[in-house]
$ cat run-v2.cif   # mmCIF, C-alpha atoms and all ligand atoms
data_query
#
loop_
_atom_site.label_atom_id
_atom_site.label_comp_id
_atom_site.auth_asym_id
_atom_site.auth_seq_id
_atom_site.Cartn_x
_atom_site.Cartn_y
_atom_site.Cartn_z
CA MET A 1 7.97 119.64 -280.60
CA ALA A 2 9.31 116.14 -281.11
CA THR A 3 12.29 115.30 -278.94
CA TRP A 4 15.02 112.78 -279.58
CA ILE A 5 13.06 110.35 -277.41
CA SER A 6 9.84 110.41 -279.37
CA ARG A 7 11.78 110.29 -282.62
CA GLY A 8 13.67 107.32 -281.22
CA LEU A 9 16.72 108.14 -283.36
CA ARG A 10 14.86 106.74 -286.37
CA GLY A 11 17.17 107.39 -289.28
CA SER A 12 19.15 109.90 -287.22
CA THR A 13 22.73 109.63 -286.29
CA LEU A 14 24.19 111.10 -283.13
CA GLU A 15 25.93 113.68 -285.28
CA ASP A 16 22.64 114.77 -286.85
CA LEU A 17 21.08 115.18 -283.42
CA VAL A 18 23.93 117.34 -282.18
CA ASN A 19 24.00 119.37 -285.39
CA ARG A 20 20.28 120.03 -285.10
CA THR A 21 20.69 120.95 -281.44
CA ASN A 22 23.37 123.45 -282.45
CA GLU A 23 20.93 124.99 -284.93
CA GLN A 24 18.27 125.20 -282.22
CA TYR A 25 20.65 126.93 -279.81
CA ARG A 26 21.81 129.27 -282.57
CA GLU A 27 18.23 130.25 -283.44
CA LYS A 28 17.52 130.97 -279.77
CA GLY A 29 20.70 133.05 -279.54
CA LEU A 30 22.06 130.80 -276.76
CA ALA A 31 25.19 129.40 -278.42
CA LEU A 32 27.10 129.25 -281.67
CA VAL A 33 28.82 125.91 -282.13
CA GLN A 34 30.54 124.73 -285.29
CA LYS A 35 30.91 121.11 -286.40
CA ILE A 36 34.52 120.49 -287.37
CA PRO A 37 34.51 118.35 -290.51
CA THR A 38 36.62 115.22 -290.64
CA PRO A 39 39.91 116.36 -292.15
CA ILE A 40 40.27 114.94 -295.65
CA THR A 41 43.15 115.72 -297.99
CA PRO A 42 42.13 115.83 -301.65
CA VAL A 43 44.82 114.43 -303.95
CA ARG A 44 43.28 114.20 -307.40
CA MET A 45 40.47 116.20 -308.99
CA ASP A 46 38.23 115.69 -311.94
CA LYS A 47 38.32 119.27 -313.17
CA GLU A 48 35.30 119.03 -315.44
CA ASN A 49 32.92 117.99 -312.68
CA ARG A 50 34.78 119.42 -309.67
CA HIS A 51 34.68 115.92 -308.17
CA ILE A 52 37.50 114.68 -306.02
CA THR A 53 38.66 111.36 -307.41
CA LEU A 54 41.33 110.55 -304.84
CA ALA A 55 41.60 111.65 -301.23
CA TYR A 56 42.84 110.47 -297.87
CA PHE A 57 41.55 110.77 -294.35
CA ASP A 58 44.05 112.74 -292.28
CA GLN A 59 45.30 110.87 -289.29
CA ARG A 60 44.65 113.36 -286.52
CA SER A 61 41.41 115.10 -285.79
CA THR A 62 40.96 116.96 -282.53
CA VAL A 63 37.36 117.47 -281.42
CA ASP A 64 34.00 117.28 -283.18
CA TYR A 65 32.63 120.66 -282.11
CA ILE A 66 34.00 124.08 -281.15
CA GLY A 67 32.18 127.30 -280.44
CA ALA A 68 31.13 130.13 -278.20
CA VAL A 69 28.46 129.95 -275.52
CA GLN A 70 27.61 133.36 -274.07
CA GLY A 71 31.23 134.43 -273.79
CA ILE A 72 32.66 131.00 -272.95
CA PRO A 73 34.82 129.04 -275.40
CA VAL A 74 33.47 125.50 -275.62
CA CYS A 75 34.63 122.31 -277.33
CA PHE A 76 33.31 118.79 -277.17
CA ASP A 77 33.20 115.40 -278.75
CA ALA A 78 30.16 113.18 -279.15
CA LYS A 79 30.58 109.43 -278.62
CA GLU A 80 28.09 106.64 -278.89
CA CYS A 81 28.17 103.78 -276.40
CA SER A 82 26.08 100.63 -276.82
CA ALA A 83 27.10 98.87 -273.62
CA GLN A 84 27.58 99.32 -269.87
CA THR A 85 31.28 99.88 -270.41
CA PHE A 86 32.96 102.68 -272.34
CA PRO A 87 36.42 101.72 -273.69
CA LEU A 88 38.93 104.55 -273.34
CA ALA A 89 40.48 103.36 -276.61
CA ASN A 90 37.63 105.35 -278.23
CA ILE A 91 39.36 108.53 -277.08
CA HIS A 92 42.74 109.44 -278.52
CA PRO A 93 45.63 110.87 -276.49
CA HIS A 94 46.01 113.89 -278.81
CA GLN A 95 42.29 114.61 -278.30
CA VAL A 96 42.77 114.56 -274.53
CA LYS A 97 45.80 116.85 -274.93
CA PHE A 98 43.77 119.26 -277.08
CA MET A 99 41.00 119.40 -274.49
CA GLU A 100 43.51 119.84 -271.68
CA ASP A 101 45.05 122.83 -273.50
CA PHE A 102 41.56 124.17 -274.25
CA GLU A 103 40.67 124.10 -270.55
CA LYS A 104 43.97 125.85 -269.78
CA GLN A 105 42.72 128.65 -272.04
CA ASN A 106 39.73 128.89 -269.67
CA GLY A 107 37.50 127.08 -272.11
CA VAL A 108 35.05 124.31 -271.27
CA ALA A 109 35.80 120.88 -272.79
CA PHE A 110 33.61 117.83 -272.41
CA PHE A 111 32.32 114.62 -273.98
CA LEU A 112 28.71 113.92 -274.85
CA ILE A 113 28.24 110.18 -274.32
CA PHE A 114 25.13 108.75 -275.91
CA PHE A 115 24.07 105.46 -274.32
CA SER A 116 22.13 104.36 -277.36
CA TYR A 117 20.45 101.31 -275.81
CA LEU A 118 18.92 103.54 -273.11
CA ASN A 119 18.41 106.73 -275.13
CA GLU A 120 20.40 108.59 -272.46
CA PHE A 121 22.88 111.40 -272.89
CA TYR A 122 25.66 111.85 -270.38
CA TYR A 123 27.76 115.01 -270.02
CA LEU A 124 31.26 113.82 -269.14
CA THR A 125 33.26 116.74 -267.78
CA PHE A 126 36.88 116.89 -268.79
CA ARG A 127 37.98 116.43 -265.17
CA GLU A 128 35.84 113.29 -264.76
CA LEU A 129 37.38 111.90 -267.95
CA MET A 130 40.84 112.70 -266.61
CA GLY A 131 40.09 110.66 -263.49
CA PHE A 132 39.42 107.59 -265.64
CA TRP A 133 42.31 108.43 -267.97
CA LYS A 134 44.86 108.68 -265.15
CA ARG A 135 43.60 105.46 -263.61
CA MET A 136 44.35 103.77 -266.95
CA GLU A 137 47.78 105.39 -267.19
CA GLU A 138 48.56 104.12 -263.70
CA GLY A 139 47.84 100.58 -264.81
CA GLY A 140 44.13 100.44 -263.94
CA ARG A 141 41.22 99.48 -266.18
CA LYS A 142 41.15 100.76 -269.77
CA SER A 143 37.48 101.72 -269.58
CA PHE A 144 34.88 103.17 -267.28
CA ARG A 145 31.56 101.65 -266.29
CA LYS A 146 28.20 103.36 -266.42
CA GLU A 147 27.72 102.88 -262.66
CA GLU A 148 30.81 104.98 -262.02
CA LEU A 149 29.26 108.07 -263.56
CA THR A 150 27.72 111.01 -261.70
CA GLU A 151 23.91 110.92 -261.60
CA GLU A 152 23.41 114.68 -261.95
CA PHE A 153 25.31 114.82 -265.27
CA TYR A 154 22.73 112.87 -267.26
CA LEU A 155 21.04 115.42 -269.51
CA PRO A 156 17.38 116.10 -268.72
CA LYS A 157 14.87 114.59 -271.12
CA LYS A 158 12.50 117.51 -271.36
CA GLY A 159 12.30 120.77 -273.25
CA GLY A 160 12.33 121.45 -276.93
CA VAL A 161 16.07 120.98 -277.38
CA LEU A 162 17.21 117.65 -278.79
CA VAL A 163 20.43 117.24 -276.78
CA PRO A 164 20.31 119.91 -274.06
CA TYR A 165 24.04 120.07 -273.43
CA LEU A 166 23.87 123.68 -272.19
CA GLU A 167 22.35 122.24 -268.99
CA GLY A 168 25.52 120.18 -268.65
CA ILE A 169 27.79 123.19 -269.22
CA LYS A 170 25.87 125.15 -266.59
CA LEU A 171 26.29 122.39 -264.02
CA ASP A 172 29.92 121.83 -265.04
CA LEU A 173 30.68 125.51 -264.32
CA GLU A 174 28.79 125.41 -261.01
CA ARG A 175 30.78 122.39 -259.83
CA ARG A 176 34.23 123.88 -260.52
CA MET B 1 64.09 132.93 -285.18
CA ALA B 2 63.12 133.47 -288.80
CA THR B 3 60.03 135.58 -289.26
CA TRP B 4 57.65 135.60 -292.17
CA ILE B 5 59.52 138.59 -293.53
CA SER B 6 62.96 136.99 -293.70
CA ARG B 7 61.44 133.78 -295.04
CA GLY B 8 59.68 135.90 -297.63
CA LEU B 9 56.83 133.41 -297.85
CA ARG B 10 59.10 131.15 -299.90
CA GLY B 11 57.09 128.02 -300.49
CA SER B 12 54.67 128.99 -297.75
CA THR B 13 51.04 129.66 -298.12
CA LEU B 14 49.10 132.03 -295.93
CA GLU B 15 47.41 129.01 -294.39
CA ASP B 16 50.76 127.47 -293.45
CA LEU B 17 51.84 130.71 -291.78
CA VAL B 18 48.69 130.94 -289.72
CA ASN B 19 48.83 127.25 -288.81
CA ARG B 20 52.43 127.63 -287.64
CA THR B 21 51.48 130.75 -285.69
CA ASN B 22 48.75 128.77 -283.97
CA GLU B 23 51.34 126.15 -282.99
CA GLN B 24 53.61 128.88 -281.63
CA TYR B 25 50.81 130.38 -279.55
CA ARG B 26 49.80 126.94 -278.34
CA GLU B 27 53.37 126.11 -277.25
CA LYS B 28 53.56 129.40 -275.36
CA GLY B 29 50.20 128.68 -273.70
CA LEU B 30 48.72 131.89 -275.13
CA ALA B 31 45.95 130.50 -277.33
CA LEU B 32 44.46 127.32 -278.72
CA VAL B 33 43.11 127.82 -282.20
CA GLN B 34 41.91 125.07 -284.51
CA LYS B 35 41.97 125.15 -288.31
CA ILE B 36 38.58 124.11 -289.62
CA PRO B 37 39.16 121.79 -292.57
CA THR B 38 37.37 122.43 -295.84
CA PRO B 39 34.22 120.33 -295.59
CA ILE B 40 34.42 117.40 -298.00
CA THR B 41 31.80 114.68 -298.27
CA PRO B 42 33.23 111.26 -299.12
CA VAL B 43 30.96 109.27 -301.43
CA ARG B 44 32.91 106.18 -302.44
CA MET B 45 35.71 104.32 -300.68
CA ASP B 46 38.34 101.85 -301.73
CA LYS B 47 38.07 99.62 -298.69
CA GLU B 48 41.35 97.80 -299.21
CA ASN B 49 43.47 100.94 -299.13
CA ARG B 50 41.14 103.20 -297.14
CA HIS B 51 41.37 105.69 -300.02
CA ILE B 52 38.44 107.86 -300.91
CA THR B 53 37.73 107.43 -304.59
CA LEU B 54 34.86 109.88 -304.94
CA ALA B 55 34.07 112.94 -302.88
CA TYR B 56 32.55 116.40 -303.18
CA PHE B 57 33.36 119.79 -301.71
CA ASP B 58 30.47 120.96 -299.55
CA GLN B 59 29.01 124.27 -300.54
CA ARG B 60 29.11 126.22 -297.31
CA SER B 61 32.06 126.67 -295.02
CA THR B 62 31.92 129.22 -292.23
CA VAL B 63 35.30 130.42 -290.96
CA ASP B 64 38.86 129.13 -291.30
CA TYR B 65 39.81 129.19 -287.63
CA ILE B 66 38.07 128.95 -284.30
CA GLY B 67 39.40 128.65 -280.79
CA ALA B 68 39.99 129.97 -277.30
CA VAL B 69 42.31 132.79 -276.32
CA GLN B 70 42.68 133.13 -272.55
CA GLY B 71 38.99 132.75 -271.88
CA ILE B 72 37.77 134.50 -275.01
CA PRO B 73 36.08 132.63 -277.88
CA VAL B 74 37.76 133.67 -281.13
CA CYS B 75 37.10 132.99 -284.80
CA PHE B 76 38.69 134.38 -287.92
CA ASP B 77 39.28 133.99 -291.59
CA ALA B 78 42.53 134.60 -293.44
CA LYS B 79 42.36 136.25 -296.86
CA GLU B 80 45.09 137.12 -299.28
CA CYS B 81 44.98 140.39 -301.22
CA SER B 82 47.36 141.19 -304.06
CA ALA B 83 46.11 144.69 -304.86
CA GLN B 84 45.14 148.04 -303.31
CA THR B 85 41.50 147.01 -303.38
CA PHE B 86 39.82 144.16 -301.56
CA PRO B 87 36.66 142.88 -303.28
CA LEU B 88 33.89 142.09 -300.83
CA ALA B 89 32.84 139.25 -303.13
CA ASN B 90 35.69 137.33 -301.43
CA ILE B 91 33.58 137.24 -298.29
CA HIS B 92 30.33 135.30 -298.28
CA PRO B 93 27.11 136.47 -296.64
CA HIS B 94 26.77 133.28 -294.56
CA GLN B 95 30.30 133.88 -293.28
CA VAL B 96 29.37 137.41 -292.22
CA LYS B 97 26.24 136.03 -290.53
CA PHE B 98 28.30 133.42 -288.69
CA MET B 99 30.71 136.05 -287.42
CA GLU B 100 27.85 138.34 -286.43
CA ASP B 101 26.29 135.55 -284.37
CA PHE B 102 29.70 134.71 -282.92
CA GLU B 103 30.16 138.29 -281.73
CA LYS B 104 26.65 138.17 -280.24
CA GLN B 105 27.91 135.27 -278.14
CA ASN B 106 30.58 137.67 -276.83
CA GLY B 107 33.23 136.14 -279.01
CA VAL B 108 35.79 138.04 -281.10
CA ALA B 109 35.51 137.63 -284.88
CA PHE B 110 37.91 139.14 -287.38
CA PHE B 111 39.64 138.82 -290.74
CA LEU B 112 43.37 138.53 -291.24
CA ILE B 113 44.09 140.28 -294.53
CA PHE B 114 47.48 139.51 -296.01
CA PHE B 115 48.63 142.17 -298.49
CA SER B 116 51.01 139.83 -300.24
CA TYR B 117 52.75 142.43 -302.44
CA LEU B 118 53.74 144.37 -299.30
CA ASN B 119 54.21 141.48 -296.87
CA GLU B 120 51.76 143.23 -294.53
CA PHE B 121 49.12 141.70 -292.30
CA TYR B 122 46.04 143.68 -291.43
CA TYR B 123 43.65 142.82 -288.59
CA LEU B 124 40.19 143.74 -289.86
CA THR B 125 37.79 143.91 -286.92
CA PHE B 126 34.32 142.58 -287.52
CA ARG B 127 32.83 146.04 -286.95
CA GLU B 128 35.16 147.63 -289.54
CA LEU B 129 34.15 144.94 -292.02
CA MET B 130 30.49 145.65 -291.27
CA GLY B 131 31.03 149.30 -292.13
CA PHE B 132 32.20 148.32 -295.62
CA TRP B 133 29.56 145.62 -295.89
CA LYS B 134 26.69 147.97 -295.07
CA ARG B 135 28.03 150.55 -297.50
CA MET B 136 27.83 147.88 -300.20
CA GLU B 137 24.33 146.83 -299.18
CA GLU B 138 23.25 150.46 -299.37
CA GLY B 139 24.41 150.62 -302.98
CA GLY B 140 27.97 151.80 -302.40
CA ARG B 141 31.19 150.27 -303.65
CA LYS B 142 31.59 146.50 -303.56
CA SER B 143 35.11 146.66 -302.16
CA PHE B 144 37.29 148.59 -299.75
CA ARG B 145 40.57 150.32 -300.47
CA LYS B 146 43.77 149.92 -298.51
CA GLU B 147 43.84 153.68 -297.73
CA GLU B 148 40.51 153.33 -295.93
CA LEU B 149 41.97 151.01 -293.30
CA THR B 150 43.03 151.96 -289.77
CA GLU B 151 46.78 152.41 -289.35
CA GLU B 152 47.01 150.90 -285.87
CA PHE B 153 45.51 147.59 -286.99
CA TYR B 154 48.46 146.55 -289.15
CA LEU B 155 50.18 143.76 -287.24
CA PRO B 156 53.64 144.59 -285.91
CA LYS B 157 56.57 143.05 -287.79
CA LYS B 158 58.68 142.10 -284.83
CA GLY B 159 58.83 139.29 -282.31
CA GLY B 160 59.18 135.58 -282.80
CA VAL B 161 55.58 134.99 -283.85
CA LEU B 162 54.90 134.63 -287.57
CA VAL B 163 51.52 136.39 -287.72
CA PRO B 164 51.07 138.10 -284.34
CA TYR B 165 47.28 138.32 -284.43
CA LEU B 166 47.00 138.33 -280.62
CA GLU B 167 48.23 141.94 -280.81
CA GLY B 168 45.24 142.65 -283.02
CA ILE B 169 42.81 140.95 -280.64
CA LYS B 170 44.23 142.96 -277.74
CA LEU B 171 43.73 146.24 -279.59
CA ASP B 172 40.31 145.15 -280.86
CA LEU B 173 39.17 144.57 -277.26
CA GLU B 174 40.65 147.90 -276.10
CA ARG B 175 38.80 149.80 -278.84
CA ARG B 176 35.34 148.37 -278.04
MG MG C 1 32.68 111.85 -282.15
MG MG C 2 40.53 131.98 -295.91
#
$ encode --input "run-v2.cif" --output "structure tokens"
Amino acid sequence: MATWISRGLRGSTLEDLVNRTNEQYREKGLALVQKIPTPITPVRMDKENRHITLAYFDQRSTVDYIGAVQGIPVCFDAKECSAQTFPLANIHPHQVKFMEDFEKQNGVAFFLIFFSYLNEFYYLTFRELMGFWKRMEEGGRKSFRKEELTEEFYLPKKGGVLVPYLEGIKLDLERR
Amino acid sequence: MATWISRGLRGSTLEDLVNRTNEQYREKGLALVQKIPTPITPVRMDKENRHITLAYFDQRSTVDYIGAVQGIPVCFDAKECSAQTFPLANIHPHQVKFMEDFEKQNGVAFFLIFFSYLNEFYYLTFRELMGFWKRMEEGGRKSFRKEELTEEFYLPKKGGVLVPYLEGIKLDLERR
């Protein structure tokens, strides 16, 4: 089976890869994760064609994905990064708050960071993110660097699953 | 605090009530449930104003709400019913399949049925729905009647919460 490496992301977006991964996990009975669509408010309709002819993007979205993994509530966001440095401006405070509340409900929240220039996926636990986030709030740097990350949380590049984030969840739970 | 009874649904839709309930539960630290927006695909943009000037409704949505309740993955759909009979045509097969898979992941899936003419909320467990669904598939009636429902699964009409569905989840888990 072709993996995301051999396909080289040709014509695929990160979202497509994660969506297809979710389908793979669903077929195997390992997880059921739902993509949350970008909230759009329709304003005007063309009734004949059922087209929307005027709409707005809502300001606040929360996370990209929510679901259930073998009894565990899970939510995550996928982010692409094309450099050695990930700017925390890419993550919104209300998103962090949502994930914080989700973890308080004994769910697992995380970020999938795709380092596109290296074809690497990193599983950023919510607590690792919070380390960087608090550093910023205390006046430190507004980003984190790739070298600061934890080696074991890079997703393995084998197996038939495109973005094997369940390996990350497993490790995340073990390290708590 | 005004409840949904005293407010009498004036100017409120079922969706608003459930959204406000979710906020109440979130503030109390009892649950974190996310509304899943109707999937809309934007096709054309007005770049100056960031308006969407052409978009389509996607064909398949899954459930209205998904989230975490004190360690339990939860998903549900809210449906309004203005008569003694609820037509199963209001529920789509891919929605039933999604909920079935969600329950297989040890999540809790259910329907919130709002009998608008009585101001009553009913918590329809996934397994009760499946009873009606299978009856239909076996050639029986394509609906269920209010008298067929289980008395204890009507949501209580007291307390400060608008639509106290956590009471339903609690009972649902007890009855498994
Ligand atoms: Mg994203
Ligand atoms: Mg609904």
$ atom_distance --input "run-v2.cif" --atom1 "CA of Phe98 (chain A)" --atom2 "CA of Glu174 (chain B)"
28.8 Å
$ atom_distance --input "run-v2.cif" --atom1 "CA of Phe110 (chain A)" --atom2 "CA of Gly168 (chain A)"
9.2 Å
$ calpha_fit_and_write --input "run-v2.cif" --fixed "chain A" --moving "chain B" --output "compact mmCIF listing (two decimals) with C-alpha atoms, keeping the file's coordinate frame"
# COMPACT_ATOMS: atom_id res chain seq x y z
CA MET B 1 8.01 119.63 -280.78
CA ALA B 2 9.35 116.12 -281.26
CA THR B 3 12.27 115.28 -279.03
CA TRP B 4 14.97 112.73 -279.61
CA ILE B 5 13.02 110.34 -277.43
CA SER B 6 9.78 110.39 -279.41
CA ARG B 7 11.72 110.27 -282.66
CA GLY B 8 13.58 107.30 -281.24
CA LEU B 9 16.65 108.12 -283.31
CA ARG B 10 14.85 106.70 -286.35
CA GLY B 11 17.18 107.31 -289.24
CA SER B 12 19.16 109.79 -287.19
CA THR B 13 22.74 109.54 -286.23
CA LEU B 14 24.19 111.03 -283.09
CA GLU B 15 25.94 113.58 -285.27
CA ASP B 16 22.65 114.67 -286.85
CA LEU B 17 21.10 115.13 -283.41
CA VAL B 18 23.95 117.28 -282.18
CA ASN B 19 24.03 119.29 -285.41
CA ARG B 20 20.30 119.97 -285.13
CA THR B 21 20.73 120.91 -281.47
CA ASN B 22 23.40 123.39 -282.49
CA GLU B 23 20.96 124.92 -284.98
CA GLN B 24 18.31 125.15 -282.26
CA TYR B 25 20.70 126.88 -279.87
CA ARG B 26 21.86 129.20 -282.63
CA GLU B 27 18.27 130.19 -283.51
CA LYS B 28 17.57 130.92 -279.85
CA GLY B 29 20.76 133.00 -279.62
CA LEU B 30 22.11 130.76 -276.84
CA ALA B 31 25.23 129.36 -278.49
CA LEU B 32 27.15 129.17 -281.74
CA VAL B 33 28.85 125.84 -282.16
CA GLN B 34 30.56 124.63 -285.32
CA LYS B 35 30.94 121.01 -286.41
CA ILE B 36 34.54 120.39 -287.38
CA PRO B 37 34.53 118.28 -290.54
CA THR B 38 36.63 115.14 -290.71
CA PRO B 39 39.90 116.31 -292.24
CA ILE B 40 40.25 114.94 -295.77
CA THR B 41 43.11 115.77 -298.10
CA PRO B 42 42.10 115.92 -301.76
CA VAL B 43 44.79 114.56 -304.07
CA ARG B 44 43.26 114.42 -307.54
CA MET B 45 40.45 116.43 -309.10
CA ASP B 46 38.19 115.99 -312.07
CA LYS B 47 38.29 119.59 -313.22
CA GLU B 48 35.27 119.40 -315.49
CA ASN B 49 32.89 118.30 -312.76
CA ARG B 50 34.76 119.67 -309.73
CA HIS B 51 34.65 116.14 -308.29
CA ILE B 52 37.46 114.86 -306.15
CA THR B 53 38.64 111.58 -307.59
CA LEU B 54 41.30 110.72 -305.04
CA ALA B 55 41.57 111.77 -301.42
CA TYR B 56 42.80 110.52 -298.06
CA PHE B 57 41.52 110.77 -294.51
CA ASP B 58 44.02 112.69 -292.40
CA GLN B 59 45.29 110.83 -289.40
CA ARG B 60 44.63 113.26 -286.58
CA SER B 61 41.41 115.03 -285.82
CA THR B 62 40.99 116.87 -282.54
CA VAL B 63 37.39 117.41 -281.43
CA ASP B 64 34.02 117.19 -283.18
CA TYR B 65 32.64 120.56 -282.12
CA ILE B 66 33.99 123.93 -281.12
CA GLY B 67 32.28 127.23 -280.50
CA ALA B 68 31.17 130.06 -278.26
CA VAL B 69 28.51 129.90 -275.58
CA GLN B 70 27.66 133.32 -274.15
CA GLY B 71 31.27 134.39 -273.86
CA ILE B 72 32.69 130.98 -273.01
CA PRO B 73 34.87 129.00 -275.45
CA VAL B 74 33.50 125.46 -275.66
CA CYS B 75 34.65 122.26 -277.34
CA PHE B 76 33.32 118.74 -277.17
CA ASP B 77 33.21 115.35 -278.73
CA ALA B 78 30.16 113.13 -279.11
CA LYS B 79 30.59 109.39 -278.57
CA GLU B 80 28.10 106.60 -278.82
CA CYS B 81 28.15 103.74 -276.31
CA SER B 82 26.06 100.60 -276.71
CA ALA B 83 27.08 98.85 -273.49
CA GLN B 84 27.56 99.34 -269.74
CA THR B 85 31.26 99.90 -270.29
CA PHE B 86 32.96 102.67 -272.23
CA PRO B 87 36.40 101.72 -273.58
CA LEU B 88 38.92 104.52 -273.24
CA ALA B 89 40.48 103.33 -276.50
CA ASN B 90 37.63 105.30 -278.14
CA ILE B 91 39.35 108.47 -277.01
CA HIS B 92 42.74 109.37 -278.45
CA PRO B 93 45.63 110.83 -276.45
CA HIS B 94 46.00 113.83 -278.79
CA GLN B 95 42.30 114.55 -278.26
CA VAL B 96 42.78 114.52 -274.49
CA LYS B 97 45.80 116.81 -274.90
CA PHE B 98 43.78 119.20 -277.05
CA MET B 99 41.01 119.37 -274.47
CA GLU B 100 43.52 119.82 -271.66
CA ASP B 101 45.06 122.78 -273.48
CA PHE B 102 41.59 124.13 -274.25
CA GLU B 103 40.68 124.08 -270.56
CA LYS B 104 43.98 125.83 -269.79
CA GLN B 105 42.75 128.62 -272.04
CA ASN B 106 39.74 128.87 -269.70
CA GLY B 107 37.51 127.07 -272.13
CA VAL B 108 35.06 124.28 -271.28
CA ALA B 109 35.82 120.86 -272.79
CA PHE B 110 33.61 117.82 -272.42
CA PHE B 111 32.33 114.59 -273.95
CA LEU B 112 28.72 113.90 -274.83
CA ILE B 113 28.24 110.17 -274.27
CA PHE B 114 25.14 108.73 -275.86
CA PHE B 115 24.06 105.45 -274.24
CA SER B 116 22.12 104.33 -277.27
CA TYR B 117 20.43 101.28 -275.69
CA LEU B 118 18.91 103.55 -273.02
CA ASN B 119 18.41 106.72 -275.07
CA GLU B 120 20.40 108.59 -272.41
CA PHE B 121 22.88 111.40 -272.85
CA TYR B 122 25.65 111.86 -270.35
CA TYR B 123 27.75 115.02 -270.00
CA LEU B 124 31.24 113.83 -269.10
CA THR B 125 33.25 116.75 -267.75
CA PHE B 126 36.87 116.90 -268.77
CA ARG B 127 37.97 116.48 -265.15
CA GLU B 128 35.83 113.33 -264.72
CA LEU B 129 37.36 111.92 -267.89
CA MET B 130 40.83 112.72 -266.55
CA GLY B 131 40.08 110.70 -263.43
CA PHE B 132 39.42 107.62 -265.56
CA TRP B 133 42.30 108.44 -267.88
CA LYS B 134 44.84 108.72 -265.06
CA ARG B 135 43.57 105.49 -263.52
CA MET B 136 44.33 103.80 -266.84
CA GLU B 137 47.76 105.39 -267.10
CA GLU B 138 48.53 104.16 -263.60
CA GLY B 139 47.80 100.60 -264.69
CA GLY B 140 44.10 100.47 -263.83
CA ARG B 141 41.20 99.50 -266.05
CA LYS B 142 41.13 100.74 -269.63
CA SER B 143 37.47 101.71 -269.48
CA PHE B 144 34.85 103.19 -267.18
CA ARG B 145 31.54 101.69 -266.17
CA LYS B 146 28.18 103.39 -266.33
CA GLU B 147 27.69 102.94 -262.55
CA GLU B 148 30.80 105.03 -261.93
CA LEU B 149 29.25 108.13 -263.50
CA THR B 150 27.69 111.07 -261.65
CA GLU B 151 23.90 111.01 -261.55
CA GLU B 152 23.39 114.75 -261.95
CA PHE B 153 25.30 114.87 -265.23
CA TYR B 154 22.73 112.91 -267.23
CA LEU B 155 21.05 115.44 -269.49
CA PRO B 156 17.40 116.15 -268.72
CA LYS B 157 14.86 114.61 -271.11
CA LYS B 158 12.50 117.52 -271.36
CA GLY B 159 12.31 120.78 -273.26
CA GLY B 160 12.35 121.46 -276.96
CA VAL B 161 16.08 120.96 -277.40
CA LEU B 162 17.23 117.61 -278.79
CA VAL B 163 20.43 117.20 -276.77
CA PRO B 164 20.33 119.90 -274.07
CA TYR B 165 24.07 120.07 -273.43
CA LEU B 166 23.89 123.69 -272.22
CA GLU B 167 22.38 122.26 -269.02
CA GLY B 168 25.53 120.20 -268.66
CA ILE B 169 27.80 123.20 -269.24
CA LYS B 170 25.88 125.18 -266.63
CA LEU B 171 26.30 122.44 -264.04
CA ASP B 172 29.93 121.88 -265.04
CA LEU B 173 30.68 125.56 -264.35
CA GLU B 174 28.79 125.48 -261.03
CA ARG B 175 30.77 122.44 -259.85
CA ARG B 176 34.23 123.95 -260.54
$ atom_distance --input "run-v2.cif" --atom1 "CA of Thr125 (chain B)" --atom2 "CA of Pro164 (chain B)"
14.7 Å
$ interface_residues --input "run-v2.cif" --of "chain B" --to "chain A" --cutoff "7 Å" --atoms "all atoms listed in the file" --output "PyMOL selection string"
chain B and resi 31-32+36-37+39-40+51-56+68-73+101-102+105-107
$ residues_near_ligand --input "run-v2.cif" --ligand "ligand MG 2 (chain C)" --cutoff "7 Å" --atoms "all atoms listed in the file" --output "list of chain:residue names"
B:Asp64, B:Asp77, B:Ala78, B:Lys79
